[in-house]
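S.K.: This is run.txt, which holds compact mmCIF, C-alpha atoms:
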```
# COMPACT_ATOMS: atom_id res chain seq x y z
CA MET D 1 -7.31 46.91 -45.93
CA GLN D 2 -10.35 45.28 -44.35
CA VAL D 3 -9.08 46.23 -40.89
CA LEU D 4 -8.96 49.84 -42.08
CA TYR D 5 -12.50 49.59 -43.51
CA HIS D 6 -13.78 48.31 -40.20
CA HIS D 7 -11.92 50.77 -37.97
CA TYR D 8 -12.71 53.89 -39.98
CA GLY D 9 -16.25 52.75 -40.83
CA VAL D 10 -15.85 53.30 -44.56
CA GLU D 11 -15.87 51.35 -47.82
CA LEU D 12 -13.25 51.07 -50.56
CA PRO D 13 -14.38 54.13 -52.57
CA HIS D 14 -14.03 56.38 -49.51
CA PHE D 15 -10.21 56.02 -49.39
CA SER D 16 -8.20 58.75 -51.14
CA PRO D 17 -5.28 57.85 -53.44
CA ASN D 18 -2.76 58.80 -50.71
CA ALA D 19 -4.58 56.58 -48.18
CA PHE D 20 -3.70 53.48 -50.21
CA THR D 21 -0.11 54.68 -50.50
CA ALA D 22 0.14 55.32 -46.75
CA ALA D 23 -1.14 51.82 -45.93
CA ALA D 24 1.25 50.17 -48.40
CA ILE D 25 4.23 52.13 -47.07
CA PHE D 26 3.37 51.21 -43.49
CA VAL D 27 3.23 47.51 -44.35
CA ALA D 28 6.50 47.72 -46.31
CA VAL D 29 8.30 49.44 -43.42
CA CYS D 30 6.99 46.93 -40.85
CA GLU D 31 7.82 43.85 -42.91
CA GLY D 32 10.90 45.02 -44.82
CA TYR D 33 12.65 47.30 -42.35
CA LEU D 34 11.43 46.31 -38.89
CA GLY D 35 11.11 42.60 -39.75
CA MET D 36 7.69 42.21 -38.16
CA MET D 37 4.08 41.85 -39.17
CA PRO D 38 2.23 45.20 -39.33
CA HIS D 39 1.14 46.10 -35.80
CA TRP D 40 -2.31 47.67 -35.35
CA ASP D 41 -1.41 49.72 -32.26
CA LEU D 42 1.61 51.17 -34.09
CA TRP D 43 -0.67 52.14 -37.00
CA LEU D 44 -3.07 53.90 -34.64
CA HIS D 45 -0.19 55.72 -32.97
CA LEU D 46 1.23 57.00 -36.29
CA TYR D 47 -1.84 57.67 -38.46
CA ARG D 48 -5.13 59.53 -38.21
CA GLY D 49 -8.00 59.96 -40.62
CA VAL D 50 -8.69 63.32 -42.24
CA LEU D 51 -12.01 64.04 -43.93
CA PHE D 52 -11.86 65.71 -47.34
CA HIS D 53 -14.64 68.01 -48.51
CA ALA D 54 -14.70 69.47 -52.02
CA PRO D 55 -15.15 73.21 -52.67
CA GLY D 56 -18.85 73.96 -52.85
CA GLY D 57 -18.79 76.88 -55.28
CA ALA D 58 -19.24 79.70 -52.76
CA ILE D 59 -16.19 80.95 -50.88
CA GLY D 60 -15.66 79.01 -47.66
CA VAL D 61 -18.36 76.44 -48.48
CA ARG D 62 -17.28 72.80 -48.63
CA LYS D 63 -19.41 69.81 -49.64
CA PRO D 64 -19.06 66.10 -48.81
CA VAL D 65 -17.74 63.81 -51.56
CA ARG D 66 -18.74 60.23 -52.35
CA ALA D 67 -15.26 58.97 -53.26
CA GLY D 68 -11.89 59.80 -51.76
CA CYS D 69 -13.18 61.48 -48.60
CA LEU D 70 -10.83 59.66 -46.17
CA ASN D 71 -7.14 60.45 -46.22
CA LEU D 72 -4.74 58.73 -43.81
CA VAL D 73 -2.19 61.21 -42.48
CA GLN D 74 1.00 60.41 -40.60
CA LYS D 75 2.13 62.48 -37.63
CA THR D 76 4.23 65.43 -38.69
CA GLY D 77 7.08 67.42 -37.20
CA LYS D 78 4.84 70.12 -35.71
CA ALA D 79 5.76 71.30 -32.23
CA GLU D 80 2.91 69.40 -30.53
CA GLU D 81 3.60 66.18 -32.46
CA PRO D 82 6.70 64.00 -32.87
CA ARG D 83 8.65 64.16 -36.14
CA GLU D 84 7.46 62.07 -39.03
CA CYS D 85 8.53 58.49 -38.29
CA ILE D 86 8.31 57.22 -41.86
CA PRO D 87 9.55 60.04 -44.14
CA VAL D 88 7.72 59.84 -47.46
CA GLY D 89 7.01 62.33 -50.21
CA LEU D 90 3.31 61.94 -50.91
CA MET D 91 1.65 64.36 -53.31
CA SER D 92 -0.05 67.17 -51.46
CA ASN D 93 -2.23 68.24 -54.37
CA HIS D 94 -4.34 65.78 -56.33
CA THR D 95 -6.45 68.43 -58.03
CA GLY D 96 -8.76 66.79 -60.51
CA TRP D 97 -7.89 63.19 -59.59
CA ASP D 98 -11.56 62.27 -59.33
CA SER D 99 -12.26 63.43 -62.91
CA GLN D 100 -9.73 60.86 -64.17
CA TRP D 101 -11.30 57.88 -62.38
CA PHE D 102 -13.77 55.60 -64.06
CA TYR D 103 -16.33 53.03 -63.01
CA MET D 104 -16.17 49.37 -64.00
CA ARG D 105 -19.14 47.09 -64.40
CA ASN D 106 -19.35 44.44 -61.72
CA ASP D 107 -21.10 41.71 -63.69
CA ASP D 108 -19.51 38.82 -61.76
CA ASN D 109 -19.98 40.51 -58.34
CA LEU D 110 -16.23 40.26 -57.64
CA PHE D 111 -16.11 43.77 -56.20
CA PRO D 112 -18.10 45.06 -53.23
CA ASP D 113 -21.19 47.06 -54.09
CA TYR D 114 -20.67 50.80 -54.44
CA PRO D 115 -22.44 52.28 -51.40
CA GLY D 116 -22.68 55.90 -52.54
CA ARG D 117 -22.69 56.89 -48.85
CA LEU D 118 -21.64 60.41 -47.93
CA ILE D 119 -19.51 60.95 -44.84
CA SER D 120 -20.13 64.53 -43.77
CA GLU D 121 -18.41 64.61 -40.36
CA ARG D 122 -15.11 63.24 -39.09
CA PRO D 123 -15.68 60.72 -36.26
CA ASP D 124 -13.59 61.05 -33.07
CA HIS D 125 -12.07 57.57 -33.49
CA TRP D 126 -10.18 58.81 -36.58
CA ASN D 127 -7.70 60.56 -34.21
CA TYR D 128 -4.22 59.34 -33.32
CA GLY D 129 -3.87 56.91 -30.49
CA VAL D 130 -4.48 53.33 -29.53
CA VAL D 131 -8.13 52.43 -29.02
CA LYS D 132 -8.97 51.96 -25.36
CA THR D 133 -10.74 48.68 -24.61
CA LEU D 134 -13.01 48.20 -21.63
CA GLN D 135 -11.97 45.55 -19.14
CA SER D 136 -14.84 43.46 -17.73
```
Turn the structure described in the file into structure tokens.
M.R.:
Amino acid sequence: MQVLYHHYGVELPHFSPNAFTAAAIFVAVCEGYLGMMPHWDLWLHLYRGVLFHAPGGAIGVRKPVRAGCLNLVQKTGKAEEPRECIPVGLMSNHTGWDSQWFYMRNDDNLFPDYPGRLISERPDHWNYGVVKTLQS
């Protein structure tokens, strides 16, 4: 998960429930079906980050959220994209999931600090595709 934190520039609370599921499924398919360690370039080819904004009260108004704002979405079978490579049935509606979460005290500092940072715009590097590196 730390590779995902670094690449997407987020912290643990920013991941949505389906983001954790997507990462676990990817690892299970790589290790259990393909017989290989999870490959970063394959991840970047198959998944992109989608920014979630909550309804803001007024029609058409959306507001940034502090937790669960990053969802990891696999390529779909749309005409401009290849078919879904890892067919899974993730929930498409988690209405009210955030009202059922709770906060735990971190007395022993075993968990990272809660940043409370809002991500209001989706960065370009959340798109599909392998990251291009500059050759010196």
S.K.: Expressed in Å to a single decimal, how great is the separation between CA of Glu31 in chain D and CA of His14 in chain D?
M.R.: 26.0 Å
S.K.: Under the rule that only C-alpha atoms are counted, which of D:Tyr114, D:Trp40, D:Phe26, D:Tyr8 is the nearest residue to Asn127 in chain D?
M.R.: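 Looking only at the distances to Asn127 in chain D, the closest residue turns out to be D:Tyr8.
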S.K.: When you count only C-alpha atoms, which of these residues is closest to His6 in chain D: D:Asn109, D:Pro115, D:Ala19, D:His125?
M.R.: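 Comparing D:Asn109, D:Pro115, D:Ala19, D:His125 against His6 in chain D, the winner is D:His125.
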S.K.: Given all atoms listed in the file as the basis, pick out the residue of D:Glu121, D:Gly9, D:Ser16, D:Gln74 nearest to His45 in chain D.
M.R.: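 Among D:Glu121, D:Gly9, D:Ser16, D:Gln74, it is D:Gln74 that comes nearest to His45 in chain D.
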S.K.: At what distance in Å, to one decimal, does CA of Pro38 in chain D lie from CA of Ala24 in chain D?
M.R.: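 According to the coordinates, CA of Ala24 in chain D and CA of Pro38 in chain D are separated by 10.4 Å.
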